[in-house]
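Data from final-v4.tsv: TSV, N, CA and C atoms
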chain	number	residue	atom	x	y	z
A	1	MET	N	83.87	85.51	82.00
A	1	MET	CA	84.18	85.00	83.33
A	1	MET	C	85.07	86.01	84.04
A	2	ASN	N	84.89	86.11	85.31
A	2	ASN	CA	85.72	86.99	86.12
A	2	ASN	C	87.17	86.51	86.05
A	3	THR	N	88.08	87.43	85.79
A	3	THR	CA	89.48	87.08	85.60
A	3	THR	C	90.09	86.49	86.86
A	4	LEU	N	89.77	87.04	88.02
A	4	LEU	CA	90.33	86.52	89.27
A	4	LEU	C	89.85	85.09	89.55
A	5	LEU	N	88.58	84.81	89.26
A	5	LEU	CA	88.08	83.45	89.44
A	5	LEU	C	88.73	82.49	88.44
A	6	ASP	N	88.98	82.99	87.23
A	6	ASP	CA	89.65	82.16	86.22
A	6	ASP	C	91.07	81.81	86.67
A	7	ILE	N	91.78	82.77	87.25
A	7	ILE	CA	93.12	82.49	87.76
A	7	ILE	C	93.07	81.46	88.88
A	8	CYS	N	92.11	81.58	89.78
A	8	CYS	CA	91.97	80.62	90.88
A	8	CYS	C	91.65	79.23	90.35
A	9	LYS	N	90.78	79.16	89.34
A	9	LYS	CA	90.42	77.86	88.76
A	9	LYS	C	91.62	77.21	88.08
A	10	ARG	N	92.35	77.98	87.31
A	10	ARG	CA	93.53	77.42	86.63
A	10	ARG	C	94.62	77.04	87.64
A	11	SER	N	94.66	77.76	88.74
A	11	SER	CA	95.61	77.42	89.78
A	11	SER	C	95.30	76.05	90.39
A	12	ILE	N	94.03	75.71	90.48
A	12	ILE	CA	93.65	74.38	90.97
A	12	ILE	C	94.22	73.32	90.05
A	13	TYR	N	94.07	73.51	88.74
A	13	TYR	CA	94.57	72.52	87.78
A	13	TYR	C	96.09	72.43	87.84
A	14	MET	N	96.76	73.56	87.95
A	14	MET	CA	98.22	73.53	88.05
A	14	MET	C	98.67	72.83	89.32
A	15	ASN	N	97.95	73.07	90.41
A	15	ASN	CA	98.32	72.46	91.69
A	15	ASN	C	98.15	70.95	91.70
A	16	LEU	N	97.29	70.42	90.86
A	16	LEU	CA	97.18	68.97	90.75
A	16	LEU	C	98.53	68.38	90.36
A	17	PHE	N	99.29	69.09	89.55
A	17	PHE	CA	100.61	68.61	89.14
A	17	PHE	C	101.71	69.08	90.08
A	18	ILE	N	101.53	70.23	90.70
A	18	ILE	CA	102.57	70.79	91.55
A	18	ILE	C	102.70	70.03	92.87
A	19	VAL	N	101.59	69.69	93.50
A	19	VAL	CA	101.66	69.13	94.85
A	19	VAL	C	101.76	67.62	94.91
A	20	VAL	N	101.51	66.93	93.80
A	20	VAL	CA	101.51	65.47	93.84
A	20	VAL	C	102.90	64.92	94.17
A	21	ILE	N	103.93	65.38	93.48
A	21	ILE	CA	105.28	64.85	93.71
A	21	ILE	C	105.78	65.16	95.12
A	22	PRO	N	105.68	66.41	95.60
A	22	PRO	CA	106.12	66.65	96.98
A	22	PRO	C	105.31	65.87	98.01
A	23	LEU	N	104.02	65.73	97.80
A	23	LEU	CA	103.19	65.01	98.76
A	23	LEU	C	103.58	63.53	98.80
A	24	ILE	N	103.79	62.93	97.64
A	24	ILE	CA	104.20	61.53	97.61
A	24	ILE	C	105.59	61.36	98.23
A	25	ALA	N	106.50	62.30	97.92
A	25	ALA	CA	107.85	62.23	98.50
A	25	ALA	C	107.78	62.32	100.02
A	26	TYR	N	106.88	63.13	100.52
A	26	TYR	CA	106.75	63.29	101.97
A	26	TYR	C	106.12	62.05	102.60
A	27	MET	N	105.18	61.42	101.89
A	27	MET	CA	104.45	60.30	102.47
A	27	MET	C	105.23	58.99	102.44
A	28	ILE	N	106.05	58.75	101.42
A	28	ILE	CA	106.67	57.44	101.30
A	28	ILE	C	108.08	57.36	101.85
A	29	HIS	N	108.70	58.48	102.11
A	29	HIS	CA	110.07	58.46	102.63
A	29	HIS	C	110.06	58.87	104.09
A	30	ASN	N	111.18	58.65	104.72
A	30	ASN	CA	111.32	59.11	106.10
A	30	ASN	C	112.63	59.88	106.22
A	31	GLY	N	112.85	60.48	107.32
A	31	GLY	CA	114.09	61.22	107.51
A	31	GLY	C	114.03	62.60	106.87
A	32	SER	N	114.72	62.76	105.76
A	32	SER	CA	114.82	64.07	105.12
A	32	SER	C	113.70	64.30	104.11
A	33	SER	N	112.60	63.59	104.24
A	33	SER	CA	111.52	63.70	103.25
A	33	SER	C	110.90	65.09	103.21
A	34	ALA	N	110.86	65.78	104.34
A	34	ALA	CA	110.30	67.13	104.35
A	34	ALA	C	111.15	68.07	103.51
A	35	THR	N	112.46	67.90	103.58
A	35	THR	CA	113.37	68.74	102.78
A	35	THR	C	113.20	68.42	101.30
A	36	VAL	N	113.12	67.15	100.97
A	36	VAL	CA	112.91	66.74	99.58
A	36	VAL	C	111.59	67.29	99.07
A	37	ALA	N	110.55	67.18	99.85
A	37	ALA	CA	109.23	67.68	99.45
A	37	ALA	C	109.27	69.20	99.26
A	38	LEU	N	109.93	69.92	100.15
A	38	LEU	CA	110.02	71.37	100.03
A	38	LEU	C	110.76	71.78	98.76
A	39	VAL	N	111.87	71.12	98.48
A	39	VAL	CA	112.64	71.46	97.28
A	39	VAL	C	111.82	71.19	96.02
A	40	TRP	N	111.16	70.02	95.96
A	40	TRP	CA	110.33	69.72	94.79
A	40	TRP	C	109.18	70.71	94.67
A	41	TYR	N	108.57	71.06	95.78
A	41	TYR	CA	107.48	72.03	95.73
A	41	TYR	C	107.97	73.37	95.20
A	42	LEU	N	109.11	73.85	95.68
A	42	LEU	CA	109.62	75.13	95.23
A	42	LEU	C	109.93	75.11	93.74
A	43	VAL	N	110.55	74.04	93.28
A	43	VAL	CA	110.88	73.93	91.85
A	43	VAL	C	109.61	73.88	91.01
A	44	LEU	N	108.68	73.01	91.40
A	44	LEU	CA	107.47	72.85	90.60
A	44	LEU	C	106.54	74.07	90.68
A	45	SER	N	106.47	74.71	91.85
A	45	SER	CA	105.58	75.88	91.98
A	45	SER	C	106.10	77.07	91.18
A	46	LEU	N	107.38	77.05	90.83
A	46	LEU	CA	107.93	78.08	89.95
A	46	LEU	C	107.82	77.66	88.50
A	47	CYS	N	108.21	76.44	88.19
A	47	CYS	CA	108.32	76.01	86.78
A	47	CYS	C	106.98	75.80	86.09
A	48	ILE	N	106.03	75.17	86.74
A	48	ILE	CA	104.76	74.87	86.06
A	48	ILE	C	103.99	76.14	85.72
A	49	PRO	N	103.74	77.06	86.67
A	49	PRO	CA	103.04	78.30	86.27
A	49	PRO	C	103.87	79.15	85.29
A	50	TRP	N	105.20	79.18	85.46
A	50	TRP	CA	106.05	79.96	84.56
A	50	TRP	C	105.92	79.42	83.14
A	51	THR	N	105.93	78.11	82.99
A	51	THR	CA	105.77	77.51	81.67
A	51	THR	C	104.40	77.83	81.11
A	52	TYR	N	103.38	77.78	81.95
A	52	TYR	CA	102.02	78.08	81.49
A	52	TYR	C	101.90	79.52	80.99
A	53	VAL	N	102.41	80.48	81.76
A	53	VAL	CA	102.26	81.88	81.34
A	53	VAL	C	103.20	82.24	80.19
A	54	SER	N	104.17	81.37	79.88
A	54	SER	CA	105.09	81.64	78.78
A	54	SER	C	104.43	81.46	77.41
A	55	TYR	N	103.37	80.68	77.33
A	55	TYR	CA	102.69	80.47	76.06
A	55	TYR	C	101.83	81.67	75.71
A	56	GLN	N	101.86	82.06	74.45
A	56	GLN	CA	101.03	83.18	73.98
A	56	GLN	C	99.54	82.86	74.10
A	57	SER	N	99.20	81.59	73.99
A	57	SER	CA	97.79	81.20	74.03
A	57	SER	C	97.23	81.14	75.45
A	58	SER	N	98.07	81.28	76.47
A	58	SER	CA	97.57	81.21	77.85
A	58	SER	C	97.08	82.59	78.27
A	59	THR	N	95.78	82.72	78.32
A	59	THR	CA	95.16	83.97	78.72
A	59	THR	C	94.23	83.69	79.90
A	60	PHE	N	93.89	84.76	80.60
A	60	PHE	CA	93.02	84.65	81.77
A	60	PHE	C	91.80	85.52	81.57
A	61	GLY	N	90.65	84.99	81.93
A	61	GLY	CA	89.41	85.75	81.84
A	61	GLY	C	88.89	85.86	80.42
A	62	SER	N	87.69	86.42	80.31
A	62	SER	CA	87.07	86.56	78.99
A	62	SER	C	87.73	87.65	78.15
A	63	ASP	N	88.46	88.55	78.81
A	63	ASP	CA	89.15	89.61	78.07
A	63	ASP	C	90.52	89.16	77.57
A	64	GLY	N	90.96	88.00	77.94
A	64	GLY	CA	92.21	87.45	77.44
A	64	GLY	C	93.46	88.14	77.95
A	65	TYR	N	93.53	88.36	79.26
A	65	TYR	CA	94.71	89.00	79.85
A	65	TYR	C	95.89	88.04	79.89
A	66	HIS	N	97.07	88.57	79.65
A	66	HIS	CA	98.30	87.79	79.73
A	66	HIS	C	99.07	88.18	80.98
A	67	ILE	N	99.83	87.24	81.50
A	67	ILE	CA	100.75	87.51	82.60
A	67	ILE	C	102.16	87.35	82.06
A	68	ASN	N	102.93	88.39	82.19
A	68	ASN	CA	104.32	88.36	81.75
A	68	ASN	C	105.09	87.38	82.61
A	69	ARG	N	105.91	86.54	81.99
A	69	ARG	CA	106.61	85.51	82.77
A	69	ARG	C	107.63	86.09	83.74
A	70	TRP	N	108.24	87.22	83.42
A	70	TRP	CA	109.21	87.83	84.33
A	70	TRP	C	108.51	88.47	85.52
A	71	ILE	N	107.33	89.00	85.28
A	71	ILE	CA	106.53	89.52	86.39
A	71	ILE	C	106.11	88.37	87.29
A	72	PHE	N	105.80	87.21	86.69
A	72	PHE	CA	105.45	86.05	87.52
A	72	PHE	C	106.62	85.64	88.40
A	73	ILE	N	107.83	85.64	87.86
A	73	ILE	CA	109.00	85.25	88.67
A	73	ILE	C	109.16	86.19	89.86
A	74	VAL	N	109.02	87.49	89.62
A	74	VAL	CA	109.12	88.47	90.71
A	74	VAL	C	108.01	88.24	91.73
A	75	SER	N	106.79	87.99	91.27
A	75	SER	CA	105.69	87.77	92.21
A	75	SER	C	105.88	86.47	92.98
A	76	TRP	N	106.44	85.44	92.33
A	76	TRP	CA	106.71	84.18	93.03
A	76	TRP	C	107.72	84.40	94.14
A	77	ILE	N	108.79	85.13	93.84
A	77	ILE	CA	109.81	85.42	94.86
A	77	ILE	C	109.19	86.21	96.02
A	78	LEU	N	108.40	87.23	95.69
A	78	LEU	CA	107.76	88.03	96.74
A	78	LEU	C	106.82	87.18	97.60
A	79	THR	N	106.08	86.29	96.97
A	79	THR	CA	105.17	85.42	97.71
A	79	THR	C	105.93	84.49	98.63
A	80	GLN	N	107.02	83.91	98.15
A	80	GLN	CA	107.83	83.01	98.99
A	80	GLN	C	108.43	83.77	100.18
A	81	VAL	N	108.98	84.93	99.90
A	81	VAL	CA	109.60	85.71	100.98
A	81	VAL	C	108.54	86.11	102.00
A	82	LEU	N	107.40	86.59	101.54
A	82	LEU	CA	106.33	87.00	102.46
A	82	LEU	C	105.84	85.82	103.29
A	83	THR	N	105.63	84.69	102.65
A	83	THR	CA	105.16	83.50	103.37
A	83	THR	C	106.14	83.07	104.44
A	84	TYR	N	107.41	82.96	104.09
A	84	TYR	CA	108.39	82.48	105.05
A	84	TYR	C	108.66	83.51	106.14
A	85	LYS	N	108.56	84.79	105.82
A	85	LYS	CA	108.69	85.80	106.87
A	85	LYS	C	107.53	85.68	107.86
A	86	LEU	N	106.31	85.48	107.35
A	86	LEU	CA	105.17	85.33	108.25
A	86	LEU	C	105.30	84.07	109.10
A	87	ILE	N	105.74	82.99	108.49
A	87	ILE	CA	105.83	81.72	109.23
A	87	ILE	C	106.93	81.79	110.29
A	88	PHE	N	108.09	82.30	109.91
A	88	PHE	CA	109.21	82.26	110.84
A	88	PHE	C	109.27	83.46	111.78
A	89	LEU	N	108.56	84.54	111.47
A	89	LEU	CA	108.65	85.71	112.32
A	89	LEU	C	107.35	86.11	112.98
A	90	GLY	N	106.21	85.72	112.41
A	90	GLY	CA	105.00	86.31	112.93
A	90	GLY	C	103.91	85.39	113.42
A	91	ILE	N	103.72	84.24	112.81
A	91	ILE	CA	102.57	83.42	113.12
A	91	ILE	C	103.00	82.18	113.91
A	92	ASN	N	102.27	81.90	114.97
A	92	ASN	CA	102.53	80.70	115.76
A	92	ASN	C	101.73	79.55	115.15
A	93	LEU	N	102.43	78.63	114.50
A	93	LEU	CA	101.77	77.51	113.83
A	93	LEU	C	101.99	76.18	114.55
A	94	SER	N	102.28	76.24	115.82
A	94	SER	CA	102.56	75.00	116.56
A	94	SER	C	101.34	74.09	116.63
A	95	PHE	N	100.14	74.65	116.50
A	95	PHE	CA	98.93	73.82	116.56
A	95	PHE	C	98.85	72.84	115.40
A	96	ILE	N	99.51	73.14	114.28
A	96	ILE	CA	99.47	72.25	113.11
A	96	ILE	C	100.09	70.90	113.45
A	97	TRP	N	101.14	70.90	114.24
A	97	TRP	CA	101.83	69.65	114.56
A	97	TRP	C	101.04	68.79	115.53
A	98	GLU	N	100.01	69.36	116.17
A	98	GLU	CA	99.16	68.59	117.06
A	98	GLU	C	98.01	67.92	116.31
A	99	LEU	N	97.81	68.28	115.04
A	99	LEU	CA	96.74	67.69	114.24
A	99	LEU	C	97.12	66.28	113.81
A	100	PRO	N	96.12	65.46	113.49
A	100	PRO	CA	96.43	64.15	112.91
A	100	PRO	C	97.13	64.33	111.55
A	101	ASN	N	97.84	63.29	111.12
A	101	ASN	CA	98.61	63.38	109.87
A	101	ASN	C	97.76	63.82	108.69
A	102	PHE	N	96.56	63.26	108.54
A	102	PHE	CA	95.71	63.58	107.42
A	102	PHE	C	95.32	65.06	107.44
A	103	ALA	N	94.95	65.56	108.60
A	103	ALA	CA	94.57	66.97	108.72
A	103	ALA	C	95.76	67.88	108.45
A	104	ARG	N	96.93	67.49	108.91
A	104	ARG	CA	98.15	68.26	108.64
A	104	ARG	C	98.44	68.32	107.15
A	105	ASP	N	98.26	67.20	106.45
A	105	ASP	CA	98.46	67.18	105.00
A	105	ASP	C	97.49	68.11	104.29
A	106	ILE	N	96.25	68.15	104.76
A	106	ILE	CA	95.25	69.05	104.18
A	106	ILE	C	95.66	70.50	104.39
A	107	VAL	N	96.14	70.83	105.58
A	107	VAL	CA	96.60	72.19	105.85
A	107	VAL	C	97.74	72.58	104.91
A	108	PHE	N	98.68	71.66	104.70
A	108	PHE	CA	99.80	71.95	103.81
A	108	PHE	C	99.34	72.07	102.36
A	109	LEU	N	98.39	71.25	101.95
A	109	LEU	CA	97.86	71.35	100.58
A	109	LEU	C	97.18	72.70	100.35
A	110	ILE	N	96.41	73.14	101.33
A	110	ILE	CA	95.75	74.44	101.23
A	110	ILE	C	96.79	75.55	101.18
A	111	GLY	N	97.84	75.43	101.98
A	111	GLY	CA	98.91	76.43	101.96
A	111	GLY	C	99.63	76.47	100.62
A	112	MET	N	99.89	75.29	100.04
A	112	MET	CA	100.57	75.25	98.74
A	112	MET	C	99.69	75.86	97.66
A	113	TYR	N	98.39	75.53	97.67
A	113	TYR	CA	97.47	76.12	96.71
A	113	TYR	C	97.43	77.63	96.88
A	114	GLY	N	97.39	78.07	98.13
A	114	GLY	CA	97.35	79.51	98.41
A	114	GLY	C	98.58	80.23	97.88
A	115	GLN	N	99.74	79.63	98.03
A	115	GLN	CA	100.96	80.28	97.54
A	115	GLN	C	100.97	80.41	96.03
A	116	VAL	N	100.61	79.35	95.33
A	116	VAL	CA	100.60	79.40	93.86
A	116	VAL	C	99.56	80.39	93.38
A	117	THR	N	98.39	80.36	93.98
A	117	THR	CA	97.33	81.29	93.58
A	117	THR	C	97.72	82.73	93.87
A	118	LEU	N	98.29	82.97	95.03
A	118	LEU	CA	98.73	84.32	95.37
A	118	LEU	C	99.81	84.80	94.40
A	119	SER	N	100.73	83.93	94.03
A	119	SER	CA	101.76	84.31	93.06
A	119	SER	C	101.14	84.72	91.73
A	120	LEU	N	100.16	83.95	91.26
A	120	LEU	CA	99.50	84.29	90.00
A	120	LEU	C	98.68	85.57	90.11
A	121	LEU	N	98.01	85.77	91.24
A	121	LEU	CA	97.21	86.99	91.42
A	121	LEU	C	98.09	88.23	91.51
A	122	VAL	N	99.21	88.13	92.21
A	122	VAL	CA	100.13	89.26	92.29
A	122	VAL	C	100.74	89.55	90.92
A	123	ALA	N	101.06	88.50	90.18
A	123	ALA	CA	101.61	88.68	88.83
A	123	ALA	C	100.57	89.32	87.91
A	124	PHE	N	99.33	88.92	88.04
A	124	PHE	CA	98.26	89.53	87.25
A	124	PHE	C	98.12	91.01	87.58
A	125	GLY	N	98.13	91.32	88.89
A	125	GLY	CA	98.06	92.73	89.29
A	125	GLY	C	99.25	93.53	88.77
A	126	GLY	N	100.44	92.95	88.84
A	126	GLY	CA	101.63	93.62	88.31
A	126	GLY	C	101.55	93.83	86.81
A	127	ALA	N	101.06	92.81	86.09
A	127	ALA	CA	100.93	92.94	84.64
A	127	ALA	C	99.91	94.02	84.28
A	128	ARG	N	98.83	94.11	85.05
A	128	ARG	CA	97.82	95.14	84.78
A	128	ARG	C	98.38	96.54	85.10
A	129	LEU	N	99.18	96.65	86.16
A	129	LEU	CA	99.76	97.95	86.49
A	129	LEU	C	100.75	98.40	85.43
A	130	LEU	N	101.44	97.44	84.82
A	130	LEU	CA	102.43	97.77	83.81
A	130	LEU	C	101.86	97.77	82.40
A	131	GLY	N	100.54	97.74	82.29
A	131	GLY	CA	99.92	97.85	80.97
A	131	GLY	C	99.29	96.58	80.46
A	132	GLY	N	99.50	95.46	81.12
A	132	GLY	CA	98.86	94.22	80.71
A	132	GLY	C	99.36	93.66	79.39
A	133	ALA	N	100.50	94.12	78.92
A	133	ALA	CA	101.01	93.65	77.63
A	133	ALA	C	101.59	92.26	77.78
A	134	CYS	N	101.48	91.51	76.70
A	134	CYS	CA	102.10	90.20	76.69
A	134	CYS	C	103.47	90.31	76.03
A	135	GLU	N	104.27	89.27	76.17
A	135	GLU	CA	105.63	89.32	75.63
A	135	GLU	C	105.62	89.15	74.13
What does this structure look like when you write it as structure tokens?
Amino acid sequence: MNTLLDICKRSIYMNLFIVVIPLIAYMIHNGSSATVALVWYLVLSLCIPWTYVSYQSSTFGSDGYHINRWIFIVSWILTQVLTYKLIFLGINLSFIWELPNFARDIVFLIGMYGQVTLSLLVAFGGARLLGGACE
């Protein structure tokens, strides 16, 4: 199987656990629920993939590539910084707030999936550049 497709597929499974808690927190609370959802998303989007790549048995693709957990942390930080720089400095996303609630939730789910997948893909690229060795 293509390694990049395998990473994307596993990212879908991880996101089932990553986005459920923030989405529920956002949907059932009012007031500061967006802050609570953001904090839970940040914690879970770091911890769940980090835990997954920490296991020796977690490999990607048919060649069994490993992602170093420290490289994942660096790629997660880079992905978060890049995303927030684009959102706050470059992209006009005001149209999202004009969408119905359901459509807005879908946009946020796609964004969360994209961030986790991008973090894993950048970590994979970094691991391959540094020799692809596992810990």
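For the pair atom N of Ser11 of chain A and atom N of Leu78 of chain A, the interatomic distance is 18.1 Å.
Comparing the minimum interatomic distances between Gly64 of chain A and each of A:Lys9, A:Thr3, A:Leu118, A:Phe95, counting only N, CA and C atoms, we find that A:Thr3 sits nearest.
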Q.
Please return, as a ChimeraX atom specification, all residues of chain A that DSSP assigns to alpha helix (DSSP H) on the basis of the backbone.
A. /A:3-18,20-28,33-54,69-85,101-129
Q.
Residues proximal to (98.2, 81.4, 87.2) were defined as those with any atom within 7 Å of that point in the file's coordinates, counting only N, CA and C atoms. Which are they, as a count of residues only?
A. 11
Q.
Nearest residue to Tyr113 of chain A out of A:Leu46, A:Leu5, A:Ile12, A:Ile71, using only N, CA and C atoms?
A.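 Checking each candidate against Tyr113 of chain A, we get A:Ile12 as the closest.
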What box, with edges along x, y and z, holds each listed atom of segment 41-58 of chain A when 6 Å is added on every side, and can you state its centre and edge lengths in Å to one decimal, as lines of an AutoDock Vina configuration file?
center_x = 104.0
center_y = 77.1
center_z = 84.9
size_x = 25.8
size_y = 24.1
size_z = 33.8
Q. Given the choices A:Thr79, A:Phe17, A:Val39, A:His66, which gets closest to Gln115 of chain A if the distance is worked out from only N, CA and C atoms?
A. A:Thr79
**Q.** Distance in Å - atom N of Val74 of chain A versus atom N of Met27 of chain A
**A.**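 Computing the Euclidean distance for atom N of Val74 of chain A and atom N of Met27 of chain A yields 29.1 Å.
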**Q.** Atom pair atom CA of Ile96 of chain A / atom CA of Ser33 of chain A: separation (Å)
**A.** 17.8 Å
Q: Tell me which of A:Asn15, A:Pro22, A:Ile73, A:Ser62 sits closest to Ala34 of chain A, counting only C-alpha atoms.
A: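 For Ala34 of chain A, the nearest of the given residues is A:Pro22.
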Q: Select, from A:Phe60, A:Trp70, A:Trp76, A:Tyr55, the residue with the minimum atom-to-atom distance to Val43 of chain A, counting only C-alpha atoms.
A: A:Trp76
